$ cat final_32.txt   # compact mmCIF, C-alpha atoms and all ligand atoms
# COMPACT_ATOMS: atom_id res chain seq x y z
CA MET A 211 5.10 -34.33 6.00
CA ILE A 212 7.83 -32.44 7.82
CA SER A 213 7.90 -28.73 7.02
CA ILE A 214 9.55 -25.61 8.37
CA PHE A 215 7.87 -22.21 8.61
CA ASN A 216 10.07 -19.09 8.62
CA THR A 217 8.94 -15.55 8.95
CA VAL A 218 10.11 -12.13 10.07
CA ARG A 219 11.08 -11.88 13.75
CA ASN A 220 9.23 -8.62 14.45
CA ILE A 221 6.04 -7.78 12.57
CA VAL A 222 4.56 -4.43 13.57
CA THR A 223 1.10 -3.56 12.25
CA GLY A 224 -1.51 -0.91 12.86
CA VAL A 225 -2.44 2.66 12.04
CA GLY A 226 0.36 5.04 13.11
CA CYS A 227 3.06 2.42 13.79
CA PHE A 228 5.43 4.21 11.38
CA GLU A 229 5.75 7.00 13.95
CA LYS A 230 7.35 4.51 16.34
CA LEU A 231 10.02 3.29 13.88
CA GLY A 232 12.96 4.52 15.98
CA GLY A 233 12.02 2.43 18.99
CA TYR A 234 11.78 -0.76 16.95
CA ALA A 235 14.97 -0.09 14.94
CA ALA A 236 17.23 0.68 17.92
CA GLY A 237 19.87 -1.95 18.43
CA PHE A 238 20.01 -3.26 14.86
CA GLY A 239 22.87 -1.01 13.70
CA LYS A 240 24.63 2.35 13.85
CA LYS A 241 24.39 3.59 10.26
CA CYS A 242 21.40 2.94 8.05
CA LEU A 243 21.09 3.17 4.26
CA ILE A 244 17.51 4.18 3.44
CA VAL A 245 16.39 2.83 0.04
CA SER A 246 13.29 4.10 -1.73
CA GLY A 247 11.68 4.74 -5.10
CA ARG A 248 11.77 7.69 -7.43
CA SER A 249 9.94 10.39 -5.51
CA ALA A 250 6.68 9.55 -3.72
CA MET A 251 8.03 8.72 -0.27
CA LYS A 252 10.38 11.72 -0.33
CA GLU A 253 7.69 14.14 -1.51
CA LEU A 254 5.25 12.92 1.13
CA GLY A 255 7.87 13.53 3.83
CA TYR A 256 8.28 9.88 4.86
CA ILE A 257 12.04 9.77 4.12
CA ASP A 258 12.69 12.81 6.34
CA MET A 259 10.46 11.31 9.05
CA ALA A 260 12.32 7.99 8.88
CA GLU A 261 15.69 9.79 9.13
CA LYS A 262 14.52 11.77 12.15
CA GLN A 263 13.15 8.65 13.85
CA LEU A 264 16.44 6.80 13.34
CA ASN A 265 18.67 9.78 14.21
CA ASP A 266 16.75 10.26 17.47
CA VAL A 267 17.81 6.78 18.62
CA GLY A 268 21.47 7.27 17.60
CA ILE A 269 21.35 5.67 14.13
CA SER A 270 22.89 7.92 11.46
CA THR A 271 21.45 7.73 7.94
CA CYS A 272 22.15 8.11 4.24
CA VAL A 273 19.61 7.86 1.45
CA LEU A 274 19.41 6.12 -1.92
CA LEU A 275 16.37 7.17 -3.97
CA GLY A 276 15.35 6.39 -7.53
CA ILE A 277 14.68 2.65 -7.49
CA GLY A 278 12.22 2.10 -10.36
CA HIS A 279 9.97 -0.83 -11.20
CA ASP A 280 11.88 -4.12 -11.22
CA PRO A 281 15.26 -3.16 -9.72
CA ASP A 282 18.10 -3.91 -12.07
CA ILE A 283 21.39 -5.60 -11.18
CA ALA A 284 23.08 -2.19 -11.75
CA ASP A 285 20.84 -0.60 -9.06
CA ILE A 286 21.99 -3.23 -6.57
CA GLU A 287 25.68 -2.76 -7.47
CA ALA A 288 25.31 1.03 -7.00
CA GLY A 289 23.52 0.53 -3.68
CA ARG A 290 26.15 -1.90 -2.49
CA ASP A 291 28.94 0.62 -3.31
CA LEU A 292 27.12 3.39 -1.43
CA PHE A 293 26.45 1.10 1.55
CA ASN A 294 30.14 0.18 1.81
CA ASP A 295 31.52 3.68 1.06
CA LYS A 296 29.38 5.20 3.83
CA GLY A 297 30.19 2.42 6.31
CA CYS A 298 26.55 1.35 6.75
CA ASP A 299 25.54 -1.69 8.77
CA MET A 300 21.77 -1.87 8.18
CA VAL A 301 19.25 -1.06 5.42
CA LEU A 302 15.75 0.38 5.56
CA GLY A 303 13.58 -0.25 2.51
CA ILE A 304 10.51 1.99 2.31
CA GLY A 305 7.98 2.23 -0.53
CA GLY A 306 6.67 -0.23 -3.08
CA GLY A 307 7.85 -3.78 -3.59
CA SER A 308 10.71 -2.75 -5.87
CA ALA A 309 12.28 -0.47 -3.24
CA ILE A 310 12.05 -3.19 -0.58
CA ASP A 311 13.39 -5.86 -2.95
CA ALA A 312 16.33 -3.57 -3.73
CA ALA A 313 16.94 -2.97 0.01
CA LYS A 314 16.97 -6.72 0.66
CA ALA A 315 19.37 -7.37 -2.22
CA ILE A 316 21.74 -4.55 -1.22
CA ALA A 317 21.86 -5.84 2.38
CA LYS A 318 22.43 -9.38 1.11
CA PHE A 319 25.17 -8.59 -1.41
CA ALA A 320 26.96 -5.84 0.56
CA ALA A 321 29.15 -8.43 2.22
CA CYS A 322 29.84 -10.32 -1.04
CA ASN A 323 32.66 -9.27 -3.31
CA LYS A 324 31.64 -11.06 -6.52
CA PRO A 325 29.57 -9.19 -9.15
CA VAL A 326 25.83 -9.40 -8.36
CA LYS A 327 25.29 -10.84 -11.87
CA ASP A 328 27.21 -13.99 -10.85
CA TYR A 329 24.67 -14.68 -8.10
CA PHE A 330 21.78 -13.73 -10.40
CA ASP A 331 22.95 -16.19 -13.06
CA SER A 332 23.65 -19.09 -10.70
CA GLY A 333 20.71 -18.43 -8.36
CA GLU A 334 22.94 -19.62 -5.52
CA LEU A 335 23.29 -17.19 -2.65
CA PRO A 336 25.82 -17.40 0.19
CA GLU A 337 24.98 -17.15 3.89
CA GLY A 338 25.06 -13.79 5.68
CA GLY A 339 23.89 -10.28 5.03
CA PHE A 340 23.02 -7.13 6.95
CA PRO A 341 19.73 -6.47 8.81
CA VAL A 342 16.83 -5.03 6.82
CA ILE A 343 13.81 -3.09 8.04
CA ALA A 344 10.97 -3.22 5.50
CA ILE A 345 8.18 -0.65 5.38
CA PRO A 346 5.70 -1.18 2.51
CA SER A 347 3.64 1.72 1.19
CA THR A 348 1.38 -0.47 -0.96
CA PHE A 349 -0.55 -3.60 -0.14
CA GLY A 350 0.81 -5.87 -2.78
CA THR A 351 4.01 -7.79 -3.00
CA GLY A 352 4.28 -8.97 0.63
CA THR A 353 8.04 -8.70 0.16
CA GLU A 354 8.35 -7.26 3.69
CA VAL A 355 7.94 -10.82 4.98
CA THR A 356 9.49 -12.95 2.24
CA ARG A 357 12.92 -14.41 1.66
CA VAL A 358 12.72 -13.47 -2.01
CA THR A 359 14.02 -10.52 -3.98
CA VAL A 360 12.94 -10.14 -7.62
CA LEU A 361 15.66 -8.61 -9.77
CA MET A 362 15.95 -7.79 -13.45
CA ASP A 363 18.90 -8.17 -15.77
CA ARG A 364 18.09 -5.56 -18.41
CA GLU A 365 20.84 -6.84 -20.71
CA SER A 366 19.34 -10.31 -21.05
CA LYS A 367 15.75 -9.10 -20.31
CA LEU A 368 15.51 -11.77 -17.63
CA LYS A 369 13.58 -11.28 -14.41
CA LYS A 370 14.27 -13.69 -11.60
CA GLY A 371 13.38 -14.26 -7.95
CA LEU A 372 16.43 -14.96 -5.77
CA ARG A 373 15.68 -16.78 -2.51
CA HIS A 374 17.56 -17.16 0.73
CA ALA A 375 16.31 -17.41 4.32
CA SER A 376 18.86 -14.77 5.35
CA MET A 377 16.99 -12.23 3.20
CA LEU A 378 14.03 -12.17 5.58
CA PRO A 379 13.93 -8.66 7.07
CA VAL A 380 14.44 -8.28 10.84
CA ILE A 381 11.43 -5.96 11.08
CA ALA A 382 8.35 -5.60 8.86
CA LEU A 383 6.49 -2.45 9.76
CA VAL A 384 3.09 -2.25 8.07
CA ASP A 385 1.24 1.02 8.57
CA PRO A 386 -1.91 1.14 6.39
CA MET A 387 -1.78 4.95 6.32
CA LEU A 388 1.45 5.11 4.30
CA GLY A 389 -0.17 4.44 0.93
CA MET A 390 -2.99 6.99 1.25
CA LYS A 391 -1.71 8.98 -1.73
CA VAL A 392 -0.98 6.02 -4.00
CA PRO A 393 -2.98 6.44 -7.26
CA PRO A 394 -6.06 4.14 -7.44
CA LYS A 395 -4.77 2.24 -10.52
CA SER A 396 -1.61 1.31 -8.59
CA VAL A 397 -3.72 0.26 -5.58
CA ALA A 398 -5.79 -1.99 -7.87
CA ARG A 399 -2.74 -3.58 -9.48
CA SER A 400 -0.82 -4.21 -6.27
CA GLY A 401 -3.98 -5.42 -4.52
CA LEU A 402 -4.56 -7.95 -7.30
CA ASP A 403 -0.96 -9.10 -6.93
CA ALA A 404 -1.59 -9.68 -3.21
CA PHE A 405 -4.84 -11.54 -3.93
CA THR A 406 -3.09 -13.68 -6.56
CA GLN A 407 -0.35 -14.51 -4.06
CA ALA A 408 -2.96 -15.53 -1.51
CA VAL A 409 -4.72 -17.79 -4.05
CA GLU A 410 -1.53 -19.33 -5.44
CA SER A 411 -0.04 -20.04 -2.00
CA PHE A 412 -3.39 -21.67 -1.06
CA PHE A 413 -3.31 -23.89 -4.17
CA SER A 414 0.45 -24.57 -4.08
CA LYS A 415 1.50 -28.19 -3.86
CA TYR A 416 3.82 -27.13 -1.01
CA SER A 417 1.07 -25.51 1.08
CA THR A 418 0.77 -26.67 4.70
CA ASP A 419 -1.87 -26.24 7.41
CA LEU A 420 0.02 -23.14 8.58
CA THR A 421 0.36 -21.49 5.18
CA GLU A 422 -3.22 -22.34 4.17
CA ALA A 423 -4.58 -20.63 7.29
CA LEU A 424 -2.71 -17.46 6.32
CA SER A 425 -3.61 -17.72 2.61
CA PHE A 426 -7.28 -18.23 3.35
CA ASN A 427 -7.55 -15.31 5.74
CA ALA A 428 -5.57 -13.16 3.29
CA MET A 429 -8.07 -13.95 0.50
CA VAL A 430 -11.01 -13.12 2.79
CA LEU A 431 -9.50 -9.78 3.93
CA LEU A 432 -8.35 -8.70 0.46
CA SER A 433 -11.52 -9.67 -1.39
CA ASP A 434 -13.57 -7.66 1.08
CA GLY A 435 -11.16 -4.75 1.52
CA LEU A 436 -9.83 -4.07 -1.97
CA PRO A 437 -13.11 -3.11 -3.69
CA LYS A 438 -13.95 -0.88 -0.69
CA VAL A 439 -10.56 0.89 -0.77
CA MET A 440 -10.98 1.39 -4.52
CA ARG A 441 -14.25 3.19 -3.79
CA ASP A 442 -12.87 5.17 -0.82
CA GLN A 443 -9.11 5.49 -0.29
CA GLU A 444 -9.75 6.86 3.20
CA ASP A 445 -11.66 3.82 4.45
CA ILE A 446 -9.21 3.04 7.26
CA GLU A 447 -10.69 -0.31 8.26
CA SER A 448 -10.55 -1.61 4.69
CA ARG A 449 -7.01 -0.25 4.26
CA SER A 450 -5.97 -2.18 7.38
CA ASN A 451 -7.65 -5.34 6.05
CA CYS A 452 -5.80 -5.03 2.75
CA ALA A 453 -2.45 -4.30 4.42
CA ASN A 454 -2.81 -7.29 6.74
CA GLY A 455 -4.10 -9.51 3.92
CA SER A 456 -1.09 -8.66 1.80
CA LEU A 457 1.22 -9.31 4.76
CA MET A 458 -0.37 -12.72 5.42
CA ALA A 459 -0.21 -13.71 1.76
CA GLY A 460 3.50 -12.84 1.85
CA MET A 461 4.06 -14.93 4.99
CA ALA A 462 2.26 -17.83 3.31
CA PHE A 463 3.91 -17.83 -0.10
CA SER A 464 7.39 -17.26 1.30
CA ASN A 465 6.94 -20.74 2.82
CA SER A 466 4.68 -22.48 0.29
CA ARG A 467 5.78 -20.82 -2.99
CA LEU A 468 3.32 -19.74 -5.71
CA GLY A 469 2.06 -21.20 -8.99
CA ILE A 470 1.65 -20.78 -12.72
CA VAL A 471 0.41 -17.17 -12.57
CA HIS A 472 3.75 -16.01 -11.18
CA GLY A 473 5.60 -18.48 -13.39
CA MET A 474 4.08 -16.69 -16.41
CA ALA A 475 3.97 -13.15 -14.98
CA HIS A 476 7.74 -12.78 -14.69
CA PRO A 477 8.70 -13.49 -18.33
CA LEU A 478 5.68 -11.52 -19.64
CA GLY A 479 6.58 -8.57 -17.41
CA ALA A 480 10.24 -8.63 -18.41
CA ARG A 481 9.60 -9.03 -22.16
CA TYR A 482 6.68 -6.64 -22.69
CA GLY A 483 7.00 -4.21 -19.77
CA ILE A 484 3.55 -5.03 -18.37
CA GLU A 485 3.15 -4.15 -14.71
CA HIS A 486 3.35 -7.16 -12.37
CA GLY A 487 0.01 -6.83 -10.56
CA GLU A 488 -1.82 -6.12 -13.82
CA VAL A 489 -0.48 -9.21 -15.57
CA CYS A 490 -1.20 -11.32 -12.46
CA GLY A 491 -4.80 -10.12 -12.48
CA ILE A 492 -5.17 -11.06 -16.15
CA ILE A 493 -3.67 -14.55 -15.79
CA LEU A 494 -5.37 -15.41 -12.47
CA PRO A 495 -8.91 -16.24 -13.75
CA ARG A 496 -7.45 -18.52 -16.44
CA ALA A 497 -5.11 -20.18 -13.95
CA LEU A 498 -7.96 -20.71 -11.49
CA ARG A 499 -9.93 -22.59 -14.17
CA TYR A 500 -6.81 -24.45 -15.30
CA ASN A 501 -6.18 -25.70 -11.74
CA LYS A 502 -9.82 -26.28 -10.80
CA ALA A 503 -9.82 -29.97 -11.79
CA VAL A 504 -7.05 -30.81 -9.31
CA CYS A 505 -8.21 -28.43 -6.52
CA GLU A 506 -12.00 -28.75 -6.59
CA LYS A 507 -12.41 -28.48 -2.82
CA LYS A 508 -10.20 -25.40 -2.47
CA TYR A 509 -11.83 -23.81 -5.54
CA ALA A 510 -15.25 -24.33 -3.98
CA LEU A 511 -14.09 -22.82 -0.67
CA ILE A 512 -12.91 -19.64 -2.42
CA SER A 513 -16.05 -19.39 -4.54
CA GLY A 514 -18.05 -19.94 -1.34
CA PHE A 515 -16.87 -16.85 0.50
CA LEU A 516 -16.77 -14.76 -2.69
CA GLY A 517 -20.41 -15.68 -3.28
CA MET A 518 -19.75 -16.52 -6.93
CA ASP A 519 -17.38 -18.48 -9.18
CA ALA A 520 -13.81 -17.48 -8.20
CA ALA A 521 -12.57 -16.87 -11.77
CA ASP A 522 -15.66 -14.79 -12.62
CA TRP A 523 -15.11 -12.74 -9.45
CA VAL A 524 -11.59 -11.80 -10.58
CA LEU A 525 -12.82 -10.86 -14.09
CA GLU A 526 -15.51 -8.71 -12.49
CA ARG A 527 -12.85 -6.90 -10.40
CA LEU A 528 -10.73 -6.25 -13.52
CA ARG A 529 -13.77 -4.60 -15.13
CA GLU A 530 -14.61 -2.67 -11.96
CA PHE A 531 -11.01 -1.41 -11.59
CA ASP A 532 -10.81 -0.50 -15.30
CA LEU A 533 -7.92 -2.89 -15.99
CA PRO A 534 -7.43 -4.94 -19.18
CA LEU A 535 -9.19 -8.33 -19.25
CA ASN A 536 -6.60 -9.93 -21.55
CA LEU A 537 -3.21 -9.31 -23.20
CA LYS A 538 -4.53 -8.44 -26.70
CA HIS A 539 -3.32 -4.83 -26.46
CA LEU A 540 0.31 -6.04 -26.27
CA GLU A 541 0.03 -7.66 -29.73
CA ILE A 542 2.36 -10.49 -28.73
CA PRO A 543 3.19 -12.52 -31.87
CA GLU A 544 2.44 -16.25 -31.66
CA SER A 545 6.05 -16.90 -32.66
CA ASP A 546 7.06 -15.62 -29.18
CA PHE A 547 4.97 -18.26 -27.37
CA PRO A 548 7.51 -21.14 -27.40
CA GLY A 549 10.24 -18.81 -26.08
CA ILE A 550 7.97 -17.59 -23.27
CA ALA A 551 7.03 -21.19 -22.41
CA LYS A 552 10.74 -22.08 -22.17
CA GLU A 553 11.10 -19.45 -19.42
CA VAL A 554 7.87 -20.39 -17.64
CA LEU A 555 8.59 -24.12 -17.26
CA PRO A 556 11.79 -24.00 -15.12
CA SER A 557 10.40 -21.33 -12.76
CA GLY A 558 10.14 -22.29 -9.08
CA SER A 559 6.60 -20.88 -9.05
CA THR A 560 5.50 -23.03 -11.98
CA GLU A 561 7.03 -26.05 -10.27
CA ALA A 562 4.87 -25.42 -7.18
CA ASN A 563 1.65 -25.29 -9.24
CA PRO A 564 -0.75 -28.06 -8.13
CA ARG A 565 -1.35 -29.24 -11.71
CA GLU A 566 1.73 -30.26 -13.66
CA VAL A 567 2.39 -27.66 -16.34
CA THR A 568 3.46 -28.61 -19.88
CA GLU A 569 4.70 -26.44 -22.74
CA ALA A 570 1.41 -27.07 -24.58
CA ASP A 571 -0.53 -25.84 -21.50
CA VAL A 572 1.44 -22.57 -21.37
CA ILE A 573 0.95 -21.99 -25.09
CA ALA A 574 -2.78 -22.71 -24.78
CA LEU A 575 -3.08 -20.20 -21.91
CA LEU A 576 -1.15 -17.59 -23.90
CA LYS A 577 -3.42 -18.14 -26.94
CA GLU A 578 -6.46 -17.67 -24.74
CA MET A 579 -5.16 -14.36 -23.34
CA CYS A 580 -3.55 -12.92 -26.46
FE FE B 601 3.46 -11.16 -7.13
$ encode --input "final_32.txt" --output "structure tokens"
Amino acid sequence: MISIFNTVRNIVTGVGCFEKLGGYAAGFGKKCLIVSGRSAMKELGYIDMAEKQLNDVGISTCVLLGIGHDPDIADIEAGRDLFNDKGCDMVLGIGGGSAIDAAKAIAKFAACNKPVKDYFDSGELPEGGFPVIAIPSTFGTGTEVTRVTVLMDRESKLKKGLRHASMLPVIALVDPMLGMKVPPKSVARSGLDAFTQAVESFFSKYSTDLTEALSFNAMVLLSDGLPKVMRDQEDIESRSNCANGSLMAGMAFSNSRLGIVHGMAHPLGARYGIEHGEVCGIILPRALRYNKAVCEKKYALISGFLGMDAADWVLERLREFDLPLNLKHLEIPESDFPGIAKEVLPSGSTEANPREVTEADVIALLKEMC
């Protein structure tokens, strides 16, 4: 099979690499729009530090804060207007996955004059876009090394991943110290998202030798590191393992795609406001069992290094991290199930699942969890 593997040109990892941002960013532009979330990165001083780093190498800066969970089309339109009004030519996304997704979308759509909703609805993106530097503060989404941005249309309550190779950042800078102050619950959720992405990219019907090597190592690093970080946020070695595991899972799934967990997580997240990593963690054990029959060898490999059945291991982590084991608390009426299934089936993630997914399968999984 012929396959192509794309990833970010410059991947910088290691404790303290954030302090060298200026040196890596020099040459990519003259005016940078810094995009981040509501407050954490600003309060911890990282926005000021990023501005100083960039200013010191002759890049002027302006800042857009306030990107919440699941950036909305309106956030991207506002960011695009600011980018163009200020004459920017590069974007730095710093923070959680939502901030980086927003940065990627702003850089992509800044050069386009049609409403962002047009691209969201059609899913077809043009060539081009401005350079993006991505600095994650959580080990979770892996968006710093993917060609995907996940956006939300709050009007239609639709959440969708838009893909284009030109959305790969020019630099991914992964410093495991950045997320030291992230609350443990958020660490657990984003870590489970990363682990899910590693598993799904490993199982994906589009996985290759290259992506499987990354997925496998990502699962090993995350399964060892995440429980240790949950016990001690200052365990630097485990933080590094989790950050690198998340990065590798992102590199893998950007090339191999995902599976039914992500196919279901997006509509459930958009409809009922459940956090992405949390819903992934709940679906993952069921999806592992659902796929086991067609991936026996891979399932056994995962269970082998976990030292127990893979699905049971995930359920044990949900208990350990004090996260819900199912979706009962959402009280989703059964009458919603066919509508959810209609959104799950056409998803690119569902399509990449190794076992062919039917409407009846989705409804059966929902019944099991709800
Ligand atoms: Fe995810």
$ atom_distance --input "final_32.txt" --atom1 "atom CA of Ile446 of chain A" --atom2 "atom CA of Ser411 of chain A"
26.5 Å
$ residues_around --input "final_32.txt" --residues "Arg290 of chain A" --least-positions-apart "3" --cutoff "9 Å" --atoms "all atoms listed in the file" --output "JSON list (two decimals) with C-alpha atoms, in the coordinates of the input"
[["chain", "number", "residue", "atom", "x", "y", "z"],
["A", 285, "ASP", "CA", 20.84, -0.60, -9.06],
["A", 286, "ILE", "CA", 21.99, -3.23, -6.57],
["A", 287, "GLU", "CA", 25.68, -2.76, -7.47],
["A", 293, "PHE", "CA", 26.45, 1.10, 1.55],
["A", 294, "ASN", "CA", 30.14, 0.18, 1.81],
["A", 295, "ASP", "CA", 31.52, 3.68, 1.06],
["A", 315, "ALA", "CA", 19.37, -7.37, -2.22],
["A", 316, "ILE", "CA", 21.74, -4.55, -1.22],
["A", 317, "ALA", "CA", 21.86, -5.84, 2.38],
["A", 319, "PHE", "CA", 25.17, -8.59, -1.41],
["A", 320, "ALA", "CA", 26.96, -5.84, 0.56],
["A", 321, "ALA", "CA", 29.15, -8.43, 2.22]]
$ residues_around --input "final_32.txt" --residues "Arg565 of chain A" --least-positions-apart "3" --cutoff "10 Å" --atoms "all atoms listed in the file" --output "JSON list (two decimals) with C-alpha atoms, in the frame of the given file"
[["chain", "number", "residue", "atom", "x", "y", "z"],
["A", 413, "PHE", "CA", -3.31, -23.89, -4.17],
["A", 414, "SER", "CA", 0.45, -24.57, -4.08],
["A", 415, "LYS", "CA", 1.50, -28.19, -3.86],
["A", 469, "GLY", "CA", 2.06, -21.20, -8.99],
["A", 470, "ILE", "CA", 1.65, -20.78, -12.72],
["A", 500, "TYR", "CA", -6.81, -24.45, -15.30],
["A", 501, "ASN", "CA", -6.18, -25.70, -11.74],
["A", 502, "LYS", "CA", -9.82, -26.28, -10.80],
["A", 503, "ALA", "CA", -9.82, -29.97, -11.79],
["A", 504, "VAL", "CA", -7.05, -30.81, -9.31],
["A", 505, "CYS", "CA", -8.21, -28.43, -6.52],
["A", 560, "THR", "CA", 5.50, -23.03, -11.98],
["A", 561, "GLU", "CA", 7.03, -26.05, -10.27],
["A", 562, "ALA", "CA", 4.87, -25.42, -7.18],
["A", 568, "THR", "CA", 3.46, -28.61, -19.88]]
$ residues_around --input "final_32.txt" --residues "Ser246 of chain A" --least-positions-apart "6" --cutoff "12 Å" --atoms "all atoms listed in the file" --output "VMD selection string"
chain A and resid 252 to 253 256 to 258 260 272 to 279 281 285 289 301 to 314 344 to 347
$ residues_around --input "final_32.txt" --residues "Ile550 of chain A" --least-positions-apart "5" --cutoff "9 Å" --atoms "all atoms listed in the file" --output "NGL selection string"
:A and (474 or 477-478 or 481 or 555 or 572-573)
$ closest_atom_pairs --input "final_32.txt" --of "chain A" --to "ligand FE 601 (chain B)" --cutoff "7 Å" --atoms "only C-alpha atoms and all ligand atoms" --output "Markdown table"
| residue | atom | partner | partner_atom | distance |
| --- | --- | --- | --- | --- |
| A:Thr351 | CA | B:FE601 | FE | 5.4 |
| A:Asp403 | CA | B:FE601 | FE | 4.9 |
| A:Ala404 | CA | B:FE601 | FE | 6.6 |
| A:Gln407 | CA | B:FE601 | FE | 5.9 |
| A:His472 | CA | B:FE601 | FE | 6.3 |
| A:His486 | CA | B:FE601 | FE | 6.6 |
| A:Gly487 | CA | B:FE601 | FE | 6.5 |
$ residues_around --input "final_32.txt" --residues "segment 358-360 of chain A" --least-positions-apart "3" --cutoff "6 Å" --atoms "all atoms listed in the file" --output "count of residues only"
5
$ closest_residue --input "final_32.txt" --among "A:Pro437, A:Gly483, A:Gly232, A:Pro564" --to "Asp280 of chain A" --atoms "only C-alpha atoms"
A:Gly483
